[in-house]
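Listing of coords-v6.txt, compact mmCIF, C-alpha atoms and all ligand atoms
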# COMPACT_ATOMS: atom_id res chain seq x y z
CA MET O 35 117.75 90.32 -4.32
CA ASP O 36 120.18 92.86 -5.78
CA ALA O 37 120.32 96.03 -3.73
CA LEU O 38 122.89 97.94 -5.77
CA VAL O 39 123.48 97.56 -9.50
CA LEU O 40 126.11 99.35 -11.56
CA HIS O 41 125.39 99.05 -15.24
CA SER O 42 128.24 99.82 -17.64
CA VAL O 43 129.55 102.81 -15.72
CA SER O 44 132.30 104.88 -17.35
CA ILE O 45 133.94 108.13 -16.32
CA SER O 46 136.88 110.20 -17.52
CA PHE O 47 138.81 112.92 -15.75
CA GLU O 48 140.69 115.37 -17.94
CA ASN O 49 140.25 113.12 -20.98
CA LYS O 50 141.68 110.15 -19.11
CA ARG O 51 139.41 107.09 -18.84
CA VAL O 52 139.29 106.21 -15.15
CA LEU O 53 136.40 103.72 -15.25
CA GLU O 54 135.39 101.73 -18.30
CA ASN O 55 132.14 99.76 -18.50
CA VAL O 56 132.09 98.83 -14.85
CA SER O 57 129.13 96.55 -14.11
CA PHE O 58 128.43 94.64 -10.92
CA SER O 59 125.77 94.12 -8.32
CA VAL O 60 125.64 93.86 -4.54
CA GLY O 61 122.94 91.78 -2.90
CA LEU O 62 121.00 92.86 0.14
CA GLY O 63 123.11 92.04 3.21
CA GLU O 64 126.06 91.07 1.05
CA ILE O 65 129.66 92.19 1.62
CA VAL O 66 131.49 92.76 -1.63
CA ALA O 67 135.18 93.69 -1.84
CA LEU O 68 136.62 95.90 -4.55
CA LEU O 69 140.19 94.69 -4.88
CA GLY O 70 142.89 96.17 -7.07
CA PRO O 71 146.17 98.06 -7.16
CA SER O 72 146.43 101.72 -6.28
CA GLY O 73 144.98 103.96 -9.00
CA CYS O 74 142.73 101.30 -10.59
CA GLY O 75 139.56 103.26 -9.85
CA LYS O 76 138.23 101.81 -6.59
CA SER O 77 137.66 105.11 -4.79
CA THR O 78 136.19 106.66 -7.93
CA THR O 79 133.68 103.79 -8.07
CA LEU O 80 132.65 104.52 -4.48
CA ALA O 81 132.42 108.25 -5.20
CA ILE O 82 130.04 107.56 -8.07
CA ILE O 83 127.87 105.29 -5.93
CA ALA O 84 127.88 107.91 -3.17
CA GLY O 85 126.75 110.53 -5.66
CA LEU O 86 129.86 112.70 -5.50
CA PHE O 87 130.29 112.29 -9.29
CA GLU O 88 127.78 111.46 -12.01
CA PRO O 89 129.09 108.85 -14.46
CA ASP O 90 129.67 109.96 -18.09
CA GLN O 91 127.94 106.79 -19.21
CA GLY O 92 126.07 104.02 -17.49
CA GLU O 93 123.70 103.92 -14.61
CA VAL O 94 123.66 103.21 -10.88
CA TYR O 95 120.50 101.60 -9.48
CA TRP O 96 119.45 101.20 -5.87
CA LYS O 97 116.67 98.65 -5.35
CA GLY O 98 115.69 98.95 -8.99
CA HIS O 99 115.61 102.76 -9.22
CA SER O 100 118.20 104.83 -11.05
CA LEU O 101 120.09 107.17 -8.74
CA ARG O 102 120.81 109.67 -11.50
CA GLY O 103 119.98 113.10 -10.14
CA THR O 104 119.59 111.92 -6.53
CA PRO O 105 121.91 114.11 -4.47
CA SER O 106 124.46 112.48 -2.23
CA HIS O 107 122.75 113.34 1.07
CA GLN O 108 119.49 111.72 -0.06
CA ARG O 109 121.09 108.36 -0.80
CA ASN O 110 121.40 107.21 2.82
CA PHE O 111 124.75 105.57 2.09
CA GLY O 112 127.60 105.67 4.58
CA LEU O 113 131.29 106.07 3.90
CA MET O 114 134.26 105.14 6.05
CA PHE O 115 137.75 106.10 4.95
CA GLN O 116 141.25 105.05 5.89
CA ASP O 117 142.23 108.52 7.04
CA LEU O 118 138.80 108.51 8.54
CA ALA O 119 139.34 111.77 10.34
CA LEU O 120 137.55 111.32 13.59
CA PHE O 121 136.87 114.83 14.84
CA PRO O 122 139.80 115.36 17.21
CA HIS O 123 138.04 118.06 19.23
CA LEU O 124 135.07 115.78 19.97
CA ASN O 125 135.05 112.84 22.38
CA VAL O 126 134.02 109.31 21.42
CA PHE O 127 130.35 109.90 22.20
CA GLU O 128 130.14 113.07 20.13
CA ASN O 129 132.00 111.51 17.22
CA ILE O 130 129.47 108.69 17.02
CA ALA O 131 126.56 111.07 17.64
CA PHE O 132 127.65 113.41 14.85
CA GLY O 133 125.69 111.84 11.99
CA LEU O 134 122.66 111.44 14.23
CA ARG O 135 122.59 115.13 15.15
CA VAL O 136 122.86 116.06 11.46
CA ARG O 137 119.82 113.88 10.86
CA ASN O 138 117.87 115.47 13.74
CA PHE O 139 117.62 112.44 16.00
CA SER O 140 116.22 113.31 19.45
CA PRO O 141 118.65 113.46 22.42
CA HIS O 142 117.10 110.27 23.80
CA GLN O 143 117.51 108.43 20.48
CA ILE O 144 121.10 109.63 20.27
CA GLN O 145 121.91 108.34 23.78
CA GLN O 146 120.35 105.02 22.93
CA ARG O 147 121.98 104.59 19.53
CA VAL O 148 125.48 105.59 20.67
CA LYS O 149 125.23 103.10 23.52
CA GLU O 150 124.22 100.31 21.10
CA MET O 151 127.01 101.19 18.72
CA LEU O 152 129.64 101.16 21.46
CA GLU O 153 128.42 97.73 22.55
CA LEU O 154 128.55 96.55 18.97
CA VAL O 155 132.19 97.55 18.51
CA ASN O 156 133.13 96.45 21.99
CA LEU O 157 133.94 99.89 23.38
CA THR O 158 131.33 100.20 26.12
CA GLY O 159 132.49 102.79 28.66
CA PHE O 160 134.56 104.76 26.14
CA GLU O 161 131.93 107.54 25.74
CA GLY O 162 133.93 110.26 27.45
CA ARG O 163 137.32 109.35 26.02
CA ASP O 164 139.27 111.83 24.00
CA VAL O 165 139.66 110.28 20.53
CA THR O 166 143.30 111.33 20.40
CA SER O 167 143.95 109.05 23.39
CA LEU O 168 142.78 105.92 21.54
CA SER O 169 144.92 103.21 19.94
CA GLY O 170 144.80 102.73 16.17
CA GLY O 171 142.45 99.78 16.50
CA GLU O 172 140.12 101.63 18.88
CA MET O 173 139.97 104.60 16.51
CA GLN O 174 138.96 102.31 13.66
CA ARG O 175 136.19 100.87 15.78
CA VAL O 176 134.91 104.33 16.70
CA ALA O 177 134.98 105.23 13.02
CA LEU O 178 132.98 102.10 12.22
CA ALA O 179 130.49 102.91 15.00
CA ARG O 180 130.15 106.44 13.63
CA ALA O 181 129.54 105.16 10.10
CA LEU O 182 126.98 102.57 11.25
CA ALA O 183 125.08 104.77 13.72
CA PRO O 184 122.71 106.42 11.19
CA GLN O 185 121.91 102.94 9.80
CA PRO O 186 123.04 103.52 6.24
CA GLU O 187 121.37 101.22 3.74
CA LEU O 188 124.75 100.70 2.12
CA LEU O 189 128.08 101.11 3.90
CA MET O 190 131.19 101.76 1.82
CA LEU O 191 134.57 101.29 3.46
CA ASP O 192 137.55 102.69 1.59
CA GLU O 193 140.77 100.95 2.70
CA PRO O 194 139.67 101.24 6.33
CA LEU O 195 142.61 99.28 7.71
CA ALA O 196 145.38 100.25 5.30
CA SER O 197 147.31 102.33 7.81
CA LEU O 198 147.50 99.56 10.44
CA ASP O 199 150.13 96.87 10.84
CA ARG O 200 149.50 93.36 9.55
CA THR O 201 148.55 91.66 12.83
CA LEU O 202 146.11 94.35 13.88
CA ARG O 203 144.73 94.49 10.36
CA ASP O 204 143.98 90.76 10.32
CA ARG O 205 142.26 90.93 13.68
CA LEU O 206 140.19 93.98 12.81
CA ALA O 207 139.26 92.59 9.40
CA LEU O 208 137.69 89.57 11.09
CA GLU O 209 135.99 91.78 13.69
CA LEU O 210 134.67 94.03 10.95
CA ARG O 211 133.27 91.10 9.08
CA GLN O 212 131.56 89.81 12.21
CA ILE O 213 129.97 93.18 12.94
CA LEU O 214 128.78 93.74 9.36
CA ARG O 215 127.37 90.20 9.31
CA HIS O 216 125.66 90.68 12.63
CA MET O 217 123.99 93.87 11.34
CA ASN O 218 123.18 92.17 8.04
CA GLN O 219 124.80 95.27 6.57
CA THR O 220 125.03 95.64 2.81
CA ALA O 221 128.60 96.77 2.27
CA ILE O 222 131.33 97.47 -0.26
CA TYR O 223 134.82 97.03 1.12
CA VAL O 224 137.68 98.59 -0.83
CA THR O 225 141.19 97.26 -0.40
CA HIS O 226 144.40 96.61 -2.32
CA ASP O 227 145.17 93.65 -0.04
CA GLN O 228 143.89 90.30 -1.27
CA GLU O 229 144.10 88.58 2.11
CA GLU O 230 141.92 91.29 3.60
CA ALA O 231 139.43 91.04 0.74
CA PHE O 232 139.22 87.26 1.16
CA MET O 233 138.74 87.57 4.91
CA VAL O 234 135.99 90.16 4.82
CA ALA O 235 133.97 89.64 1.67
CA ASP O 236 131.36 87.20 0.38
CA ARG O 237 132.35 88.11 -3.18
CA VAL O 238 135.36 89.87 -4.57
CA ILE O 239 135.59 92.14 -7.61
CA VAL O 240 139.12 92.39 -8.99
CA MET O 241 139.84 95.62 -10.85
CA ASP O 242 142.73 96.82 -12.99
CA LYS O 243 143.06 100.11 -14.88
CA GLY O 244 139.42 101.07 -14.53
CA ARG O 245 138.06 97.72 -15.67
CA ILE O 246 136.74 94.67 -13.89
CA GLU O 247 138.99 91.67 -14.37
CA GLN O 248 136.99 89.12 -12.40
CA ILE O 249 134.03 88.75 -10.05
CA GLY O 250 133.67 85.72 -7.83
CA THR O 251 133.78 84.24 -4.36
CA PRO O 252 137.22 84.23 -2.75
CA GLN O 253 137.42 80.49 -3.55
CA GLU O 254 136.55 80.99 -7.21
CA ILE O 255 139.05 83.80 -7.62
CA TYR O 256 141.81 81.91 -5.89
CA HIS O 257 141.23 78.60 -7.68
CA GLN O 258 140.23 79.93 -11.10
CA PRO O 259 141.91 83.28 -11.67
CA ALA O 260 140.48 84.71 -14.90
CA SER O 261 143.71 86.26 -16.14
CA PRO O 262 147.45 86.37 -15.50
CA PHE O 263 146.86 89.79 -13.92
CA VAL O 264 144.52 88.30 -11.29
CA ALA O 265 146.88 85.41 -10.60
CA ARG O 266 149.84 87.80 -10.21
CA PHE O 267 147.80 90.07 -8.01
CA LEU O 268 147.05 87.12 -5.74
CA GLY O 269 150.79 86.65 -5.37
CA MET O 270 151.33 83.79 -7.81
CA LYS O 271 154.71 83.93 -9.51
CA ASN O 272 155.21 80.81 -11.62
CA PHE O 273 154.53 81.77 -15.21
CA VAL O 274 155.99 80.18 -18.33
CA ALA O 275 155.26 80.55 -22.03
CA GLY O 276 152.93 77.90 -23.41
CA GLU O 277 151.25 76.73 -26.57
CA ILE O 278 148.42 74.31 -27.16
CA ILE O 279 149.07 72.12 -30.18
CA ARG O 280 147.33 69.16 -31.76
CA ASP O 281 149.46 66.07 -32.08
CA LYS O 282 148.05 62.76 -33.39
CA GLY O 283 144.49 63.92 -32.73
CA GLU O 284 145.17 64.98 -29.14
CA ARG O 285 145.73 68.41 -27.65
CA TRP O 286 148.91 69.07 -25.73
CA LEU O 287 150.20 71.98 -23.73
CA ILE O 288 153.81 72.60 -24.73
CA MET O 289 156.04 74.53 -22.36
CA PRO O 290 159.74 75.40 -22.72
CA ILE O 291 160.54 72.24 -20.82
CA GLY O 292 157.89 69.57 -20.71
CA ARG O 293 154.46 68.89 -22.14
CA MET O 294 151.22 67.49 -20.86
CA PRO O 295 147.84 66.54 -22.32
CA TYR O 296 145.47 69.52 -22.28
CA PRO O 297 142.21 68.48 -23.88
CA SER O 298 140.06 71.42 -22.72
CA GLU O 299 141.47 74.19 -24.95
CA PRO O 300 141.75 74.78 -28.70
CA GLU O 301 145.16 75.39 -30.24
CA GLY O 302 146.93 78.69 -29.61
CA LYS O 303 149.67 80.53 -27.78
CA GLY O 304 149.50 81.90 -24.30
CA ILE O 305 150.97 81.97 -20.86
CA VAL O 306 150.91 79.19 -18.28
CA LEU O 307 150.45 79.54 -14.54
CA ILE O 308 151.88 76.76 -12.40
CA ARG O 309 150.27 77.03 -8.98
CA PRO O 310 152.60 76.82 -6.02
CA GLU O 311 150.60 74.19 -4.16
CA GLY O 312 149.77 70.65 -5.11
CA ALA O 313 153.26 69.59 -6.23
CA ARG O 314 154.54 66.37 -4.68
CA VAL O 315 158.07 65.06 -4.37
CA ASN O 316 158.59 61.96 -6.53
CA GLY O 317 154.81 61.48 -6.69
CA LYS O 318 152.44 60.84 -9.56
CA GLY O 319 151.47 63.86 -11.60
CA ASP O 320 150.46 65.10 -15.02
CA LEU O 321 153.62 67.15 -15.43
CA ARG O 322 157.04 66.23 -14.13
CA ILE O 323 159.51 68.94 -13.27
CA GLU O 324 163.11 68.41 -12.37
CA GLY O 325 165.27 71.20 -11.14
CA ARG O 326 168.02 72.23 -8.80
CA VAL O 327 166.88 73.49 -5.40
CA LEU O 328 167.85 77.16 -5.06
CA GLN O 329 166.16 77.82 -1.77
CA LYS O 330 164.30 75.82 0.82
CA VAL O 331 162.57 77.84 3.52
CA PHE O 332 160.68 76.41 6.46
CA ARG O 333 157.25 78.03 6.80
CA GLY O 334 155.50 75.77 9.27
CA VAL O 335 153.33 73.04 7.76
CA ASN O 336 154.66 73.84 4.30
CA CYS O 337 158.12 74.62 3.02
CA LEU O 338 158.72 77.21 0.34
CA VAL O 339 160.98 75.63 -2.26
CA GLU O 340 162.45 77.54 -5.18
CA ILE O 341 163.92 75.54 -8.02
CA GLN O 342 165.71 76.30 -11.24
CA TRP O 343 163.83 74.69 -14.14
CA GLY O 344 165.73 75.40 -17.34
CA GLU O 345 165.72 79.17 -17.65
CA GLN O 346 162.92 79.51 -15.12
CA ARG O 347 162.84 79.96 -11.41
CA LEU O 348 159.72 78.41 -9.93
CA SER O 349 158.46 78.43 -6.35
CA PHE O 350 156.41 75.74 -4.72
CA SER O 351 154.72 75.25 -1.40
CA ILE O 352 155.38 71.66 -0.38
CA PRO O 353 154.48 69.90 2.87
CA CYS O 354 157.67 69.89 4.94
CA SER O 355 156.94 66.26 5.78
CA GLU O 356 157.95 65.30 2.20
CA LYS O 357 161.52 64.33 1.37
CA ILE O 358 162.75 67.66 0.02
CA PRO O 359 166.44 67.56 -0.98
CA LYS O 360 168.93 70.14 0.27
CA GLU O 361 169.78 73.37 -1.54
CA GLY O 362 171.92 72.60 -4.59
CA GLU O 363 170.52 69.10 -5.08
CA VAL O 364 168.05 67.99 -7.73
CA LEU O 365 164.36 67.82 -6.91
CA SER O 366 161.84 65.90 -8.97
CA LEU O 367 158.30 67.22 -8.64
CA ALA O 368 155.02 65.85 -9.88
CA ILE O 369 152.47 68.54 -10.70
CA PRO O 370 148.78 67.67 -10.95
CA ALA O 371 146.73 69.02 -13.88
CA GLN O 372 144.63 71.18 -11.50
CA ALA O 373 147.73 73.22 -10.68
CA ILE O 374 148.25 74.23 -14.32
CA HIS O 375 146.25 77.03 -15.97
CA PHE O 376 146.67 78.07 -19.57
CA PHE O 377 145.74 81.69 -20.42
CA ARG O 378 145.34 82.43 -24.10
CA ASP O 379 147.13 85.55 -25.37
P1 LIG I 401 142.15 103.80 -6.31
O1 LIG I 401 141.16 104.19 -5.28
O2 LIG I 401 141.90 102.44 -6.90
O3 LIG I 401 143.56 103.92 -5.84
P2 LIG I 401 141.20 106.17 -7.69
O4 LIG I 401 139.77 105.86 -7.97
O5 LIG I 401 141.47 107.06 -6.54
O6 LIG I 401 142.02 104.80 -7.57
O7 LIG I 401 141.85 106.83 -8.98
C1 LIG I 401 141.79 106.25 -10.25
C2 LIG I 401 142.47 107.16 -11.25
O8 LIG I 401 141.72 108.35 -11.42
C3 LIG I 401 143.86 107.62 -10.82
O9 LIG I 401 144.67 107.62 -11.96
C4 LIG I 401 143.63 109.02 -10.30
O10 LIG I 401 144.78 109.81 -10.47
C5 LIG I 401 142.49 109.49 -11.17
N1 LIG I 401 141.60 110.46 -10.49
C6 LIG I 401 140.82 110.21 -9.43
N2 LIG I 401 140.09 111.29 -9.09
C7 LIG I 401 140.43 112.27 -9.96
C8 LIG I 401 140.01 113.63 -10.15
N3 LIG I 401 139.09 114.20 -9.36
N4 LIG I 401 140.58 114.33 -11.18
C9 LIG I 401 141.49 113.76 -11.99
N5 LIG I 401 141.92 112.48 -11.86
C10 LIG I 401 141.40 111.74 -10.87
MG MG I 402 141.51 104.79 -3.29
Output the structure of this file as structure tokens.
Amino acid sequence: MDALVLHSVSISFENKRVLENVSFSVGLGEIVALLGPSGCGKSTTLAIIAGLFEPDQGEVYWKGHSLRGTPSHQRNFGLMFQDLALFPHLNVFENIAFGLRVRNFSPHQIQQRVKEMLELVNLTGFEGRDVTSLSGGEMQRVALARALAPQPELLMLDEPLASLDRTLRDRLALELRQILRHMNQTAIYVTHDQEEAFMVADRVIVMDKGRIEQIGTPQEIYHQPASPFVARFLGMKNFVAGEIIRDKGERWLIMPIGRMPYPSEPEGKGIVLIRPEGARVNGKGDLRIEGRVLQKVFRGVNCLVEIQWGEQRLSFSIPCSEKIPKEGEVLSLAIPAQAIHFFRD
């Protein structure tokens, strides 16, 4: 069942379109990530859902009812920000209790709920701690406990881990996911980091310039990016010009160097993504690439190999167990059809 539905939401600030026809839904108990570069409209989307702005056009529904006119404090949605601003003058207990006091919970209920929340985020015994004495990770967990304590129907997290270093971020992202799952919490998780989005979310919504580029599971988005923007945003770098032509009754994808059968698309010009994985040295493939090795970097199971292919520089992730020639030597790669995506202009 869909809990939240955005239907064709648009908003402008000072005559500048910030969101354009944004439509998506979030299921009950589902974790959805809003992923996109800075300035694409992620926080504005959350602000509209929270009721801080009314959209110029479109509608937001919660469990089938339009939220138009429902003030923010009656929506029972929770927000957690990156610069989450724990109250520095309050200890851990009082920070978590804050939202409960506002909602007139009894002292007994507050005791009980804060205790549960501290257990949930693995900070039992931290009640009396000064929040300024906590590590970055501990602060994030207190902020999460504070956001979850009033049992919001929908929790929105706006780049909650952006200020932390990579290792801590990865660990907390997994912890966060576990906690949200455990609570069966309906949540929207905003981030500009695709790895984080993939780790935390059931489904990912990729945004650019106020529009949705793609909605899908992490697997769908990774394996079938809907546009060159999405592929680039996921860190893919191998793009070449391409054209589908018909030759002797068959369709071919023509690239600056090389061609391959491409039966699934009508004729036209576009851009071709060559995925970094799947290439094999001297193997069998649908496209053969030969180029001089510019760089070969050991990465563990796979090696990152950059080659010069005509005018292009292309990078591949190849199992290090394969016979990869030295830098400066010629490498012949076989690329399977699944690694090639044609995007029409
Ligand atoms: P994100 O969270 O994806 O980084 P935002 O939603 O914060 O992006 O902002 C999207 C765009 O809207 C930006 O260009 C930003 O400058 C603009 N914007 C956001 N809020 C306001 C506002 N209150 N007034 C004017 N412009 C705004
Ligand atoms: Mg933002």
Shortest interatomic distance to Leu38 (chain O) - which of O:Phe121, O:Leu188, O:Val148, O:Asn110, counting only C-alpha atoms
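Of all the options, O:Leu188 lies closest to Leu38 (chain O).
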Counting all atoms listed in the file, what residues are within 9 Å of ligand MG 402 (chain I), given as a PDB file with C-alpha atoms, in the frame of the given file?
ATOM      1  CA  SER O  72     146.430 101.720  -6.280  1.00  0.00           C
ATOM      2  CA  GLY O  73     144.980 103.960  -9.000  1.00  0.00           C
ATOM      3  CA  CYS O  74     142.730 101.300 -10.590  1.00  0.00           C
ATOM      4  CA  GLY O  75     139.560 103.260  -9.850  1.00  0.00           C
ATOM      5  CA  LYS O  76     138.230 101.810  -6.590  1.00  0.00           C
ATOM      6  CA  SER O  77     137.660 105.110  -4.790  1.00  0.00           C
ATOM      7  CA  THR O  78     136.190 106.660  -7.930  1.00  0.00           C
ATOM      8  CA  LEU O  80     132.650 104.520  -4.480  1.00  0.00           C
ATOM      9  CA  ASP O 192     137.550 102.690   1.590  1.00  0.00           C
ATOM     10  CA  GLU O 193     140.770 100.950   2.700  1.00  0.00           C
ATOM     11  CA  VAL O 224     137.680  98.590  -0.830  1.00  0.00           C
ATOM     12  CA  THR O 225     141.190  97.260  -0.400  1.00  0.00           C
ATOM     13  CA  HIS O 226     144.400  96.610  -2.320  1.00  0.00           C
TER      14      HIS O 226
END
Which residue out of O:Ala37, O:Ala181, O:Arg175, O:Arg245 has the minimum interatomic distance to ligand LIG 401 (chain I) when all atoms listed in the file are used?
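Smallest separation from ligand LIG 401 (chain I) among the options: O:Arg245.
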Tell me, counting all atoms listed in the file, for each residue of region 125-223 of chain O within 10 Å of region 49-68 of chain O, which pair of atoms is nearest and how far apart they are in Å to one decimal, in rows ordered by chain and increasing number, as a tab-separated table.
residue	atom	partner	partner_atom	distance
O:Glu187	CA	O:Leu62	CA	9.1
O:Leu188	CA	O:Gly63	CA	8.9
O:Leu189	CA	O:Ile65	CA	9.3
O:Met190	CA	O:Val66	CA	9.6
O:Leu191	CA	O:Ala67	CA	9.3
O:Asp192	CA	O:Leu68	CA	9.2
O:Glu193	CA	O:Leu68	CA	9.8
O:Arg211	CA	O:Ile65	CA	8.4
O:Leu214	CA	O:Ile65	CA	7.9
O:Arg215	CA	O:Gly63	CA	7.7
O:His216	CA	O:Gly63	CA	9.9
O:Met217	CA	O:Gly63	CA	8.4
O:Asn218	CA	O:Gly63	CA	4.8
O:Gln219	CA	O:Gly63	CA	5.0
O:Thr220	CA	O:Gly63	CA	4.1
O:Ala221	CA	O:Ile65	CA	4.7
O:Ile222	CA	O:Val66	CA	4.9
O:Tyr223	CA	O:Ala67	CA	4.5
Can you tell me how far CA of Arg285 (chain O) sits from CA of Pro259 (chain O), in Å to one decimal?
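We find that CA of Arg285 (chain O) and CA of Pro259 (chain O) lie 22.2 Å from each other.
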How would you write as a short mmCIF file (atom, residue, chain, number, x, y, z; two decimals) with C-alpha atoms, keeping the file's coordinate frame the residues that get within 10 Å of (129.8, 106.8, 15.7) in the file's frame, counting only C-alpha atoms?
data_model
loop_
_atom_site.label_atom_id
_atom_site.label_comp_id
_atom_site.auth_asym_id
_atom_site.auth_seq_id
_atom_site.Cartn_x
_atom_site.Cartn_y
_atom_site.Cartn_z
CA LEU O 120 137.55 111.32 13.59
CA VAL O 126 134.02 109.31 21.42
CA PHE O 127 130.35 109.90 22.20
CA GLU O 128 130.14 113.07 20.13
CA ASN O 129 132.00 111.51 17.22
CA ILE O 130 129.47 108.69 17.02
CA ALA O 131 126.56 111.07 17.64
CA PHE O 132 127.65 113.41 14.85
CA GLY O 133 125.69 111.84 11.99
CA LEU O 134 122.66 111.44 14.23
CA ARG O 147 121.98 104.59 19.53
CA VAL O 148 125.48 105.59 20.67
CA LYS O 149 125.23 103.10 23.52
CA MET O 151 127.01 101.19 18.72
CA LEU O 152 129.64 101.16 21.46
CA VAL O 155 132.19 97.55 18.51
CA ARG O 175 136.19 100.87 15.78
CA VAL O 176 134.91 104.33 16.70
CA ALA O 177 134.98 105.23 13.02
CA LEU O 178 132.98 102.10 12.22
CA ALA O 179 130.49 102.91 15.00
CA ARG O 180 130.15 106.44 13.63
CA ALA O 181 129.54 105.16 10.10
CA LEU O 182 126.98 102.57 11.25
CA ALA O 183 125.08 104.77 13.72
CA PRO O 184 122.71 106.42 11.19
#
Among listed residues O:Asp204, O:Glu93, O:Glu161, O:Asp227, nearest ligand LIG 401 (chain I) (using all atoms listed in the file):
O:Asp227
Using Å and a single decimal, report how far CA of Ser298 (chain O) sits from CA of Lys282 (chain O).
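We find that CA of Lys282 (chain O) and CA of Ser298 (chain O) lie 15.9 Å from each other.
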Using all atoms listed in the file for the distances, tell me which of O:Gln174, O:Gln346, O:Ser44, O:Ser355 is nearest to ligand LIG 401 (chain I).
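Among the listed residues, the smallest separation from ligand LIG 401 (chain I) belongs to O:Ser44.
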Do a neighbour search on Ile369 (chain O) at 8 Å with all atoms listed in the file, toss out local chain neighbours closer than 4 positions, and write the hits as an mmCIF file with C-alpha atoms, in the frame of the given file.
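Final output, saved to around-v6.cif:
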data_model
loop_
_atom_site.group_PDB
_atom_site.id
_atom_site.type_symbol
_atom_site.label_atom_id
_atom_site.label_comp_id
_atom_site.auth_asym_id
_atom_site.auth_seq_id
_atom_site.Cartn_x
_atom_site.Cartn_y
_atom_site.Cartn_z
ATOM 1 C CA GLY O 312 149.770 70.650 -5.110
ATOM 2 C CA ALA O 313 153.260 69.590 -6.230
ATOM 3 C CA ARG O 314 154.540 66.370 -4.680
ATOM 4 C CA LYS O 318 152.440 60.840 -9.560
ATOM 5 C CA GLY O 319 151.470 63.860 -11.600
ATOM 6 C CA ASP O 320 150.460 65.100 -15.020
ATOM 7 C CA LEU O 321 153.620 67.150 -15.430
ATOM 8 C CA ARG O 322 157.040 66.230 -14.130
ATOM 9 C CA ILE O 323 159.510 68.940 -13.270
ATOM 10 C CA ALA O 373 147.730 73.220 -10.680
ATOM 11 C CA ILE O 374 148.250 74.230 -14.320
#
